[in-house]
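Chemist: Structure supplied as model.cif; contents: mmCIF, C-alpha atoms and all ligand atoms.
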data_entry
loop_
_atom_site.label_atom_id
_atom_site.label_comp_id
_atom_site.auth_asym_id
_atom_site.auth_seq_id
_atom_site.Cartn_x
_atom_site.Cartn_y
_atom_site.Cartn_z
CA MET A 1 132.01 114.34 86.73
CA THR A 2 128.37 113.71 87.67
CA VAL A 3 127.04 115.80 90.52
CA PHE A 4 123.49 114.86 91.50
CA ASP A 5 121.09 117.57 92.66
CA LEU A 6 120.09 115.30 95.53
CA ALA A 7 121.46 112.17 97.19
CA ILE A 8 119.41 110.16 99.66
CA ILE A 9 120.84 107.72 102.21
CA GLY A 10 118.25 105.07 103.11
CA GLY A 11 115.57 103.45 100.96
CA GLY A 12 112.75 103.02 103.45
CA LEU A 13 109.39 104.62 102.76
CA ALA A 14 110.69 108.09 103.71
CA GLY A 15 113.70 107.87 101.38
CA CYS A 16 111.83 106.30 98.46
CA SER A 17 109.08 108.90 98.71
CA THR A 18 111.73 111.64 98.79
CA ALA A 19 113.30 110.22 95.62
CA LEU A 20 109.97 110.16 93.81
CA HIS A 21 108.90 113.65 94.88
CA ALA A 22 112.31 115.15 94.07
CA ARG A 23 112.25 113.57 90.58
CA LYS A 24 108.79 114.98 90.04
CA LYS A 25 110.36 118.39 90.66
CA GLY A 26 112.93 117.65 87.94
CA ALA A 27 115.93 117.19 90.25
CA SER A 28 118.57 114.56 89.42
CA VAL A 29 118.37 112.04 92.24
CA ILE A 30 120.42 109.15 93.57
CA LEU A 31 119.14 106.92 96.37
CA LEU A 32 121.58 104.64 98.19
CA GLU A 33 120.13 101.72 100.13
CA ARG A 34 122.30 99.30 102.09
CA GLY A 35 119.98 96.33 101.47
CA ARG A 36 116.70 96.34 99.56
CA CYS A 37 114.23 99.23 99.43
CA GLY A 38 111.67 98.65 102.18
CA GLY A 39 113.74 95.83 103.67
CA GLN A 40 113.77 97.30 107.18
CA ALA A 41 111.00 98.90 109.29
CA SER A 42 109.07 100.19 106.27
CA GLY A 43 108.51 96.67 105.00
CA VAL A 44 107.83 94.74 108.20
CA ASN A 45 105.54 97.00 110.18
CA TYR A 46 101.94 96.54 111.28
CA GLY A 47 100.49 98.50 108.39
CA GLY A 48 98.48 100.99 110.44
CA VAL A 49 97.66 104.21 108.60
CA ARG A 50 96.24 106.26 111.41
CA GLN A 51 95.96 109.97 112.14
CA GLN A 52 93.89 109.49 115.29
CA GLY A 53 95.81 109.66 118.55
CA ARG A 54 98.91 111.29 117.11
CA HIS A 55 100.87 113.98 118.89
CA PRO A 56 99.85 117.44 117.57
CA ALA A 57 103.38 117.99 116.20
CA GLU A 58 102.84 115.05 113.81
CA LEU A 59 99.35 116.00 112.66
CA PRO A 60 100.30 118.34 109.77
CA LEU A 61 102.46 115.57 108.27
CA ALA A 62 99.83 112.93 109.08
CA THR A 63 97.00 114.77 107.31
CA ARG A 64 99.18 115.46 104.28
CA SER A 65 100.20 111.81 104.20
CA ARG A 66 96.61 110.65 104.43
CA GLY A 67 95.91 112.63 101.26
CA ILE A 68 98.76 110.83 99.49
CA TRP A 69 97.66 107.38 100.74
CA GLY A 70 94.31 108.01 99.08
CA ARG A 71 95.83 108.65 95.66
CA LEU A 72 98.64 106.13 95.64
CA HIS A 73 97.46 104.40 92.50
CA ALA A 74 97.87 107.57 90.46
CA LEU A 75 101.21 108.35 92.11
CA VAL A 76 102.99 104.99 92.19
CA GLY A 77 100.81 102.72 90.03
CA CYS A 78 99.59 100.56 92.93
CA ASP A 79 97.31 101.25 95.91
CA CYS A 80 99.57 99.21 98.24
CA GLU A 81 96.34 97.64 99.53
CA PHE A 82 95.47 100.87 101.32
CA VAL A 83 91.87 100.70 102.57
CA ALA A 84 90.15 103.36 104.67
CA THR A 85 88.73 100.88 107.17
CA GLY A 86 88.64 103.55 109.90
CA HIS A 87 90.50 103.45 113.20
CA LEU A 88 88.63 102.79 116.45
CA LYS A 89 90.34 103.76 119.69
CA LEU A 90 88.81 102.07 122.73
CA ALA A 91 88.41 103.72 126.13
CA ARG A 92 88.95 101.56 129.22
CA ASN A 93 87.24 103.97 131.60
CA ASP A 94 85.82 107.49 131.93
CA ARG A 95 89.31 109.06 132.17
CA ASP A 96 90.19 107.59 128.78
CA MET A 97 86.95 109.04 127.44
CA VAL A 98 88.04 112.50 128.66
CA ASP A 99 91.31 112.06 126.71
CA LEU A 100 89.42 111.02 123.59
CA VAL A 101 87.17 114.09 123.83
CA ALA A 102 90.24 116.33 124.18
CA HIS A 103 91.92 114.70 121.20
CA GLN A 104 88.78 115.08 119.11
CA ALA A 105 89.12 118.87 119.47
CA VAL A 106 92.84 118.86 118.59
CA ALA A 107 92.21 116.66 115.55
CA ALA A 108 89.34 118.91 114.42
CA ASP A 109 91.80 121.85 114.30
CA HIS A 110 93.66 119.83 111.65
CA GLY A 111 90.51 118.96 109.71
CA ILE A 112 90.34 115.37 111.02
CA ALA A 113 86.81 114.19 111.83
CA ILE A 114 86.51 111.94 114.87
CA GLU A 115 83.23 110.51 116.15
CA LEU A 116 82.76 109.65 119.83
CA LEU A 117 80.86 106.51 120.81
CA ASP A 118 79.50 105.66 124.25
CA GLY A 119 79.44 102.06 125.50
CA ALA A 120 75.98 101.32 124.06
CA ASP A 121 76.95 102.74 120.63
CA LEU A 122 80.12 100.72 120.68
CA ARG A 123 78.34 97.43 121.42
CA ARG A 124 75.63 98.09 118.85
CA ARG A 125 77.97 99.02 116.00
CA PHE A 126 80.90 96.74 116.81
CA PRO A 127 79.39 93.70 118.58
CA TYR A 128 82.57 91.65 118.16
CA ILE A 129 84.47 93.88 120.60
CA GLY A 130 84.76 92.68 124.21
CA ASP A 131 82.14 94.18 126.50
CA ARG A 132 84.52 95.63 129.10
CA PHE A 133 85.16 98.82 127.10
CA TYR A 134 83.63 102.10 128.22
CA GLY A 135 83.39 103.81 124.83
CA ALA A 136 85.54 104.70 121.85
CA SER A 137 86.40 107.24 119.19
CA LEU A 138 86.26 106.46 115.49
CA CYS A 139 88.28 108.17 112.77
CA ALA A 140 86.58 106.86 109.63
CA ASP A 141 89.26 108.30 107.36
CA ASP A 142 92.07 106.20 108.86
CA GLY A 143 92.93 102.75 107.60
CA GLN A 144 95.58 100.22 106.78
CA ALA A 145 97.92 99.16 104.00
CA ASN A 146 100.37 96.40 103.13
CA PRO A 147 103.86 97.48 104.24
CA ARG A 148 105.56 94.94 101.95
CA LEU A 149 104.30 96.86 98.94
CA ALA A 150 104.73 100.52 99.84
CA ALA A 151 108.45 101.44 99.76
CA PRO A 152 109.18 99.23 96.71
CA ALA A 153 106.27 100.87 94.86
CA PHE A 154 107.69 104.35 95.58
CA ALA A 155 111.19 103.17 94.59
CA ARG A 156 109.87 101.68 91.34
CA ALA A 157 107.98 104.86 90.49
CA ALA A 158 111.03 107.01 91.27
CA ARG A 159 113.18 104.79 89.06
CA GLN A 160 110.65 104.98 86.23
CA LEU A 161 110.89 108.76 86.44
CA GLY A 162 114.68 108.55 86.14
CA ALA A 163 115.95 108.39 89.71
CA ASP A 164 119.13 106.33 90.16
CA VAL A 165 117.99 103.89 92.86
CA ARG A 166 120.90 101.72 94.01
CA GLU A 167 120.29 98.77 96.31
CA GLU A 168 122.99 96.73 98.10
CA CYS A 169 124.85 100.03 98.43
CA PRO A 170 125.94 100.68 102.03
CA VAL A 171 127.15 104.23 102.62
CA GLU A 172 130.23 104.21 104.86
CA ARG A 173 130.53 107.94 105.34
CA ALA A 174 129.71 111.24 103.72
CA VAL A 175 131.47 114.57 104.05
CA PRO A 176 130.67 118.15 103.05
CA SER A 177 132.64 119.29 99.99
CA PRO A 178 132.88 122.52 97.97
CA LEU A 179 130.15 121.24 95.62
CA GLY A 180 127.93 119.92 98.38
CA PHE A 181 128.67 116.39 99.58
CA GLU A 182 130.93 113.45 98.82
CA ILE A 183 129.39 110.11 99.67
CA TYR A 184 131.50 106.98 100.08
CA VAL A 185 129.93 103.60 99.37
CA THR A 186 131.58 100.43 100.70
CA GLY A 187 133.89 98.89 98.09
CA GLN A 188 133.91 101.93 95.80
CA ASP A 189 136.94 104.25 95.63
CA THR A 190 135.26 107.15 93.87
CA PRO A 191 132.76 109.10 95.94
CA ILE A 192 129.28 109.93 94.73
CA ARG A 193 128.80 113.70 94.57
CA ALA A 194 125.62 115.65 95.23
CA HIS A 195 124.69 119.25 95.94
CA ARG A 196 122.19 118.28 98.64
CA LEU A 197 121.89 115.31 100.95
CA VAL A 198 118.89 113.72 102.68
CA ASN A 199 119.38 111.33 105.60
CA THR A 200 116.48 108.88 105.79
CA ALA A 201 118.49 106.08 107.36
CA GLY A 202 115.77 104.98 109.83
CA ALA A 203 117.13 103.47 113.05
CA TRP A 204 120.61 104.30 111.73
CA GLY A 205 119.71 107.95 111.07
CA ALA A 206 121.49 109.32 114.13
CA ASN A 207 124.67 107.49 113.06
CA VAL A 208 124.55 109.24 109.70
CA ALA A 209 123.78 112.59 111.37
CA ARG A 210 126.85 112.19 113.60
CA TRP A 211 129.12 112.13 110.52
CA PHE A 212 128.26 115.83 110.25
CA GLY A 213 128.46 116.68 113.94
CA ASP A 214 124.63 116.59 114.34
CA SER A 215 124.60 114.70 117.58
CA VAL A 216 121.37 113.26 118.95
CA HIS A 217 120.48 110.07 120.78
CA GLU A 218 118.30 107.60 118.88
CA ASP A 219 117.29 104.42 120.65
CA VAL A 220 116.00 101.30 118.93
CA MET A 221 112.61 99.63 119.43
CA ALA A 222 111.13 96.44 118.07
CA PRO A 223 107.30 96.25 118.19
CA ASN A 224 106.21 92.61 118.64
CA MET A 225 103.85 91.52 115.85
CA CYS A 226 101.67 88.45 115.16
CA VAL A 227 99.55 87.24 112.26
CA THR A 228 96.82 84.59 112.29
CA GLU A 229 95.48 82.17 109.74
CA PRO A 230 92.92 83.77 107.37
CA ILE A 231 89.41 83.99 108.80
CA ALA A 232 86.04 85.20 107.49
CA PRO A 233 85.53 88.97 107.63
CA LEU A 234 85.15 89.91 111.31
CA ILE A 235 86.92 93.14 112.19
CA GLY A 236 86.05 96.39 110.42
CA PRO A 237 88.18 99.29 111.63
CA ASN A 238 91.79 99.06 112.69
CA LEU A 239 91.57 98.76 116.53
CA GLY A 240 93.67 100.46 119.18
CA ILE A 241 93.32 101.23 122.86
CA CYS A 242 93.85 104.34 124.95
CA GLY A 243 97.17 104.30 126.75
CA GLY A 244 98.70 101.90 124.23
CA GLY A 245 98.84 98.13 124.41
CA ILE A 246 97.12 95.83 121.97
CA TYR A 247 96.28 96.89 118.39
CA ILE A 248 94.48 94.69 115.88
CA ARG A 249 93.50 94.82 112.23
CA GLN A 250 92.14 92.35 109.71
CA ALA A 251 93.76 92.43 106.29
CA SER A 252 91.00 93.23 103.82
CA GLY A 253 92.29 90.91 101.09
CA HIS A 254 93.28 87.55 102.60
CA GLY A 255 91.49 87.93 105.95
CA SER A 256 94.40 87.23 108.28
CA VAL A 257 94.29 89.14 111.55
CA ILE A 258 97.42 91.11 112.41
CA PHE A 259 98.00 92.25 115.97
CA GLY A 260 100.78 93.75 118.01
CA SER A 261 101.60 94.56 121.60
CA GLY A 262 104.82 95.03 123.52
CA VAL A 263 108.29 94.78 122.08
CA GLY A 264 110.78 92.14 121.05
CA ILE A 265 114.52 92.68 120.80
CA ALA A 266 116.60 94.35 118.12
CA ASP A 267 120.32 94.56 117.45
CA ARG A 268 120.74 97.32 114.93
CA ASP A 269 124.46 96.71 114.35
CA ALA A 270 123.83 93.08 113.44
CA LEU A 271 120.66 94.04 111.48
CA ARG A 272 118.70 91.48 113.47
CA ALA A 273 115.43 91.60 115.38
CA ARG A 274 113.26 88.92 116.92
CA PRO A 275 109.93 88.76 118.75
CA LEU A 276 109.76 87.29 122.24
CA ALA A 277 107.58 84.25 122.98
CA ALA A 278 106.31 85.61 126.30
CA VAL A 279 105.39 88.94 124.71
CA THR A 280 103.60 87.10 121.90
CA MET A 281 101.60 85.03 124.43
CA ASP A 282 100.57 88.16 126.34
CA ALA A 283 99.63 89.87 123.07
CA ALA A 284 97.44 86.91 122.09
CA LYS A 285 95.63 87.09 125.45
CA ALA A 286 95.11 90.84 125.05
CA ALA A 287 93.84 90.31 121.49
CA ILE A 288 91.24 87.80 122.72
CA ASP A 289 90.22 90.20 125.48
CA MET A 290 89.61 92.88 122.84
CA VAL A 291 87.98 90.57 120.26
CA PRO A 292 86.76 87.39 122.02
CA ALA A 293 85.98 85.62 118.71
CA LEU A 294 89.75 85.33 118.14
CA ALA A 295 89.94 82.70 120.91
CA ASN A 296 90.38 79.71 118.62
CA VAL A 297 92.14 81.38 115.72
CA LEU A 298 95.61 80.09 114.97
CA VAL A 299 98.60 82.43 115.21
CA VAL A 300 100.86 81.39 112.34
CA ARG A 301 103.82 83.72 112.74
CA SER A 302 105.29 86.42 114.91
CA TRP A 303 107.97 88.91 113.94
CA THR A 304 109.40 92.33 114.63
CA GLY A 305 111.66 94.93 113.00
CA ILE A 306 114.25 97.57 113.81
CA GLU A 307 112.76 101.00 114.43
CA GLY A 308 114.48 104.20 115.56
CA ARG A 309 113.03 105.85 118.64
CA MET A 310 113.71 109.37 119.86
CA PRO A 311 113.66 110.32 123.56
CA ASP A 312 110.30 112.12 123.15
CA ASN A 313 108.79 109.57 120.74
CA LEU A 314 108.63 112.14 117.93
CA PRO A 315 110.74 111.94 114.78
CA VAL A 316 113.44 114.34 113.67
CA VAL A 317 112.33 115.95 110.40
CA GLY A 318 113.99 119.03 108.96
CA PRO A 319 117.24 120.72 108.01
CA SER A 320 120.50 120.02 109.77
CA PRO A 321 121.14 122.70 112.42
CA THR A 322 124.80 122.88 111.39
CA ILE A 323 125.35 121.92 107.72
CA ALA A 324 123.72 123.71 104.80
CA ASN A 325 121.79 121.56 102.29
CA LEU A 326 121.66 118.57 104.63
CA TYR A 327 118.23 117.29 105.75
CA HIS A 328 117.33 114.64 108.31
CA ALA A 329 114.21 112.50 108.79
CA PHE A 330 114.60 109.56 111.18
CA GLY A 331 113.59 108.18 114.57
CA PHE A 332 109.92 107.77 113.71
CA SER A 333 109.31 105.98 117.03
CA GLY A 334 106.74 103.54 115.66
CA HIS A 335 104.74 106.04 113.58
CA GLY A 336 106.63 106.46 110.32
CA PHE A 337 104.68 104.17 107.99
CA GLN A 338 101.66 106.45 107.95
CA LEU A 339 103.88 109.54 107.79
CA GLY A 340 106.34 108.26 105.16
CA PRO A 341 104.66 109.47 101.96
CA ALA A 342 104.36 113.06 103.24
CA VAL A 343 107.83 113.02 104.78
CA GLY A 344 109.23 112.42 101.30
CA ALA A 345 107.13 115.17 99.78
CA VAL A 346 108.27 117.62 102.45
CA LEU A 347 111.96 116.66 102.24
CA ALA A 348 111.87 117.13 98.46
CA GLU A 349 110.34 120.58 98.97
CA LEU A 350 112.90 121.57 101.60
CA ALA A 351 115.85 120.29 99.58
CA ILE A 352 114.80 121.56 96.16
CA ASP A 353 112.61 124.62 96.89
CA GLY A 354 114.09 125.60 100.24
CA ARG A 355 110.68 125.60 101.95
CA SER A 356 107.61 123.43 102.54
CA PRO A 357 104.00 124.44 103.20
CA THR A 358 103.73 121.65 105.80
CA CYS A 359 104.42 122.76 109.37
CA LEU A 360 107.29 120.88 111.01
CA ALA A 361 107.17 122.71 114.35
CA GLY A 362 108.31 120.47 117.18
CA LEU A 363 110.19 118.03 114.93
CA SER A 364 113.48 119.88 114.51
CA MET A 365 116.66 118.30 115.79
CA THR A 366 117.33 121.53 117.71
CA ARG A 367 114.78 120.49 120.33
CA PHE A 368 117.46 118.18 121.72
CA ALA A 369 120.07 120.92 122.02
CA GLY A 370 121.78 120.46 125.37
CA VAL A 371 120.41 116.94 125.79
CA PRO A 372 123.43 114.62 126.11
CA ASP A 373 123.89 112.12 123.30
CA PRO A 374 125.42 109.13 125.08
CA VAL A 375 126.77 107.71 121.81
CA ALA A 376 128.76 110.81 121.03
CA THR A 377 129.94 111.40 124.56
CA THR A 378 130.50 108.00 126.15
CA LEU A 379 130.01 104.39 125.20
CA PRO A 380 127.92 102.89 122.41
CA PRO A 381 124.31 102.38 123.61
CA ALA A 382 122.86 98.99 124.41
CA ASN A 383 121.22 97.71 121.28
CA CYS A 384 118.32 96.03 123.01
CA SER A 385 115.11 97.82 123.78
CA GLN A 386 112.16 96.69 125.84
CA HIS A 387 110.23 99.95 125.87
CA LYS A 388 106.49 99.57 125.97
CA GLU A 389 105.64 101.42 122.83
CA GLU A 390 103.04 101.01 120.12
CA GLY A 391 104.04 100.20 116.58
CA GLU A 392 100.74 101.17 115.04
C1 LIG A 401 107.18 95.97 113.76
C2 LIG A 401 106.88 97.43 113.45
C3 LIG A 401 105.55 97.86 113.41
C4 LIG A 401 105.26 99.19 113.06
N1 LIG A 401 103.97 99.56 112.84
C5 LIG A 401 103.70 100.79 112.33
C6 LIG A 401 102.38 101.15 111.96
O1 LIG A 401 101.46 100.35 112.03
N2 LIG A 401 102.16 102.40 111.50
C7 LIG A 401 103.15 103.31 111.39
O2 LIG A 401 102.88 104.44 110.98
N3 LIG A 401 104.43 102.98 111.69
C8 LIG A 401 104.72 101.74 112.14
N4 LIG A 401 106.00 101.39 112.43
C9 LIG A 401 107.06 102.36 112.21
C10 LIG A 401 107.42 102.46 110.74
O3 LIG A 401 107.56 101.19 110.16
C11 LIG A 401 108.71 103.24 110.60
O4 LIG A 401 108.63 104.43 111.36
C12 LIG A 401 109.00 103.64 109.17
O5 LIG A 401 108.89 102.55 108.33
C13 LIG A 401 110.38 104.27 109.09
O6 LIG A 401 110.67 104.50 107.74
P1 LIG A 401 112.09 105.01 107.35
O7 LIG A 401 112.12 105.13 105.87
O8 LIG A 401 112.42 106.21 108.16
O9 LIG A 401 113.09 103.88 107.88
P2 LIG A 401 113.42 102.40 107.36
O10 LIG A 401 112.27 101.73 106.75
O11 LIG A 401 114.12 101.71 108.49
O12 LIG A 401 114.46 102.68 106.20
C14 LIG A 401 115.75 103.17 106.48
C15 LIG A 401 116.67 102.53 105.46
O13 LIG A 401 117.95 103.11 105.56
C16 LIG A 401 118.89 102.12 105.21
N5 LIG A 401 120.19 102.53 105.69
C17 LIG A 401 120.56 102.78 106.97
N6 LIG A 401 121.85 103.15 107.03
C18 LIG A 401 122.31 103.12 105.76
C19 LIG A 401 123.59 103.38 105.16
N7 LIG A 401 124.64 103.74 105.91
N8 LIG A 401 123.71 103.24 103.82
C20 LIG A 401 122.65 102.89 103.05
N9 LIG A 401 121.43 102.62 103.57
C21 LIG A 401 121.26 102.74 104.90
C22 LIG A 401 118.35 100.87 105.88
O14 LIG A 401 118.87 99.70 105.28
C23 LIG A 401 116.85 101.04 105.70
O15 LIG A 401 116.35 100.31 104.59
C24 LIG A 401 106.33 100.09 112.83
C25 LIG A 401 107.66 99.66 112.91
C26 LIG A 401 107.93 98.34 113.21
C27 LIG A 401 109.37 97.89 113.26
#
In structure tokens, how does this file's structure come out?
Ligand SMILES: Cc1cc2nc3c(=O)[nH]c(=O)nc-3n(C[C@H](O)[C@H](O)[C@H](O)COP(=O)(O)OP(=O)(O)OC[C@H]3O[C@@H](n4cnc5c(N)ncnc54)[C@H](O)[C@@H]3O)c2cc1C
Modeler:
Amino acid sequence: MTVFDLAIIGGGLAGCSTALHARKKGASVILLERGRCGGQASGVNYGGVRQQGRHPAELPLATRSRGIWGRLHALVGCDCEFVATGHLKLARNDRDMVDLVAHQAVAADHGIAIELLDGADLRRRFPYIGDRFYGASLCADDGQANPRLAAPAFARAARQLGADVREECPVERAVPSPLGFEIYVTGQDTPIRAHRLVNTAGAWGANVARWFGDSVHEDVMAPNMCVTEPIAPLIGPNLGICGGGIYIRQASGHGSVIFGSGVGIADRDALRARPLAAVTMDAAKAAIDMVPALANVLVVRSWTGIEGRMPDNLPVVGPSPTIANLYHAFGFSGHGFQLGPAVGAVLAELAIDGRSPTCLAGLSMTRFAGVPDPVATTLPPANCSQHKEEGE
């Protein structure tokens, strides 16, 4: 009877990175993905790799992840088109500037360098940005990558190192057992057995957690995305705005401009998500307001994806509060692409070594203790979400 050291439910970027990092530690690993690795949020996101503007609780993971993004080629054999274009956050007024100054100090505590620009600096260095902005902050170390490439590259590398990566493998349930866990895959009578279990099931993470009595409410969000025809190089850094709203980047290879704002709709039970035409129109107007030269550029496609969102917009990352050797990482609330590589490294450390050097304070599931989980206590939640949240 095979008993794996570690089983992982969910082959998004978090799960695939966990598989790779656990194999690098010599653990026997099985990853079970319902569809294809990177087929959900990890493969359809905006591609923003940004530390700037993150909540302090995410910064230790974000800085560790940034280190991994910079050495992807050595780790997974492909750079996933990661480029450190920088990330420029625009201030609409003097109050925004005060927030940017405060964040600069917080980021500096984590070793992240952020440069502040007044209006004149902004116009001189980035003349293609609309002239209504008051100033900005630039994190030169931030950048962008191609989400289509990332999770599959981690899965491939994990497989090459000997991980058993199984796609088209929906897990129906898992239960604690004397050896660790028994995991039941749809259509298979014999359970898969593992000593430790990692739940990286994305927007379905809270469902998996509930199998073990770890009850927490996870909503669903669907950031509305657009991509234009390719254009000549125009936009340098990945662009965002204080208070959320429009975010814009230009893909360094083919030159298409990718932008997002607002949310579409997602039905996580049906595994379906779609952008909304009115949201796309508003996003296009906001994009032109931020970069007026986009006025006559053709939008060729809009899309969205299914993302888990926690009540405080911070993910759950860490051990189960109730079951030994069970670890959760889900509900990334629109931020998990940048964080994914480090999340996997940390989960592998927690599961195999029992500890991680990366601080996870503020991300434990226990922060929701006493907060009612409507799914566990009453009716299933509505599957549609229209929250105004960023997906960058
Ligand atoms: C449109 C959009 C734009 C975004 N933009 C950005 C951005 O620019 N920057 C950023 O940092 N973040 C961004 N995000 C968020 C980011 O994409 C996610 O936070 C991140 O990809 C989550 O990774 P994950 O591995 O946790 O989840 P996922 O990628 O969703 O992977 C979870 C996997 O678990 C599988 N699964 C679930 N249940 C089961 C089961 N029972 N059995 C087997 N498999 C199961 C699913 O099929 C899925 O493949 C965006 C998200 C979206 C949707």
Chemist: Would you kindly return, as a count of residues only, each protein, DNA or RNA residue with an atom no farther than 9 Å from any atom of stretch 170-185 of chain A, considering all atoms listed in the file and excluding same-chain residues fewer than 3 positions away?
Modeler: 26
Chemist: Hey, which of A:Gly344, A:Pro127, A:Gly12, A:Gly318 ends up closest to ligand LIG 401 (chain A)? Count all atoms listed in the file.
Modeler: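 Looking only at the distances to ligand LIG 401 (chain A), the closest residue turns out to be A:Gly12.
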Chemist: Can you tell me, as JSON, numbers by chain, what residues are no more than 6 Å from A:Ala27 when counting only C-alpha atoms, ignoring any on the same chain fewer than 3 positions away?
Modeler: {"A": [5, 22, 23]}
Chemist: From (119.0, 104.7, 116.3), in the file's coordinates, out to 9 Å: which residues are reached, counting all atoms listed in the file? Answer as a PDB file with C-alpha atoms, in the coordinates of the input.
Modeler:
ATOM      1  CA  GLY A 202     115.770 104.980 109.830  1.00  0.00           C
ATOM      2  CA  ALA A 203     117.130 103.470 113.050  1.00  0.00           C
ATOM      3  CA  TRP A 204     120.610 104.300 111.730  1.00  0.00           C
ATOM      4  CA  GLY A 205     119.710 107.950 111.070  1.00  0.00           C
ATOM      5  CA  ALA A 206     121.490 109.320 114.130  1.00  0.00           C
ATOM      6  CA  ASN A 207     124.670 107.490 113.060  1.00  0.00           C
ATOM      7  CA  HIS A 217     120.480 110.070 120.780  1.00  0.00           C
ATOM      8  CA  GLU A 218     118.300 107.600 118.880  1.00  0.00           C
ATOM      9  CA  ASP A 219     117.290 104.420 120.650  1.00  0.00           C
ATOM     10  CA  VAL A 220     116.000 101.300 118.930  1.00  0.00           C
ATOM     11  CA  MET A 221     112.610  99.630 119.430  1.00  0.00           C
ATOM     12  CA  ARG A 268     120.740  97.320 114.930  1.00  0.00           C
ATOM     13  CA  ILE A 306     114.250  97.570 113.810  1.00  0.00           C
ATOM     14  CA  GLU A 307     112.760 101.000 114.430  1.00  0.00           C
ATOM     15  CA  GLY A 308     114.480 104.200 115.560  1.00  0.00           C
ATOM     16  CA  ARG A 309     113.030 105.850 118.640  1.00  0.00           C
ATOM     17  CA  MET A 310     113.710 109.370 119.860  1.00  0.00           C
ATOM     18  CA  PHE A 330     114.600 109.560 111.180  1.00  0.00           C
ATOM     19  CA  GLY A 331     113.590 108.180 114.570  1.00  0.00           C
ATOM     20  CA  ASN A 383     121.220  97.710 121.280  1.00  0.00           C
TER      21      ASN A 383
END
Chemist: Between A:Leu122, A:Ala329, A:Ala57, A:Leu20, which one has atoms that come closest to ligand LIG 401 (chain A), using all atoms listed in the file?
Modeler: A:Ala329
Chemist: To one decimal place in Å, what is the distance between atom C15 of ligand LIG 401 (chain A) and atom CA of A:Gly187?
Modeler: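 Distance reported for this atom pair: 19.1 Å.
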Chemist: Find the distance between atom CA of A:His55 and atom CA of A:Ser364 and write it in Å to one decimal.
Modeler: 14.6 Å
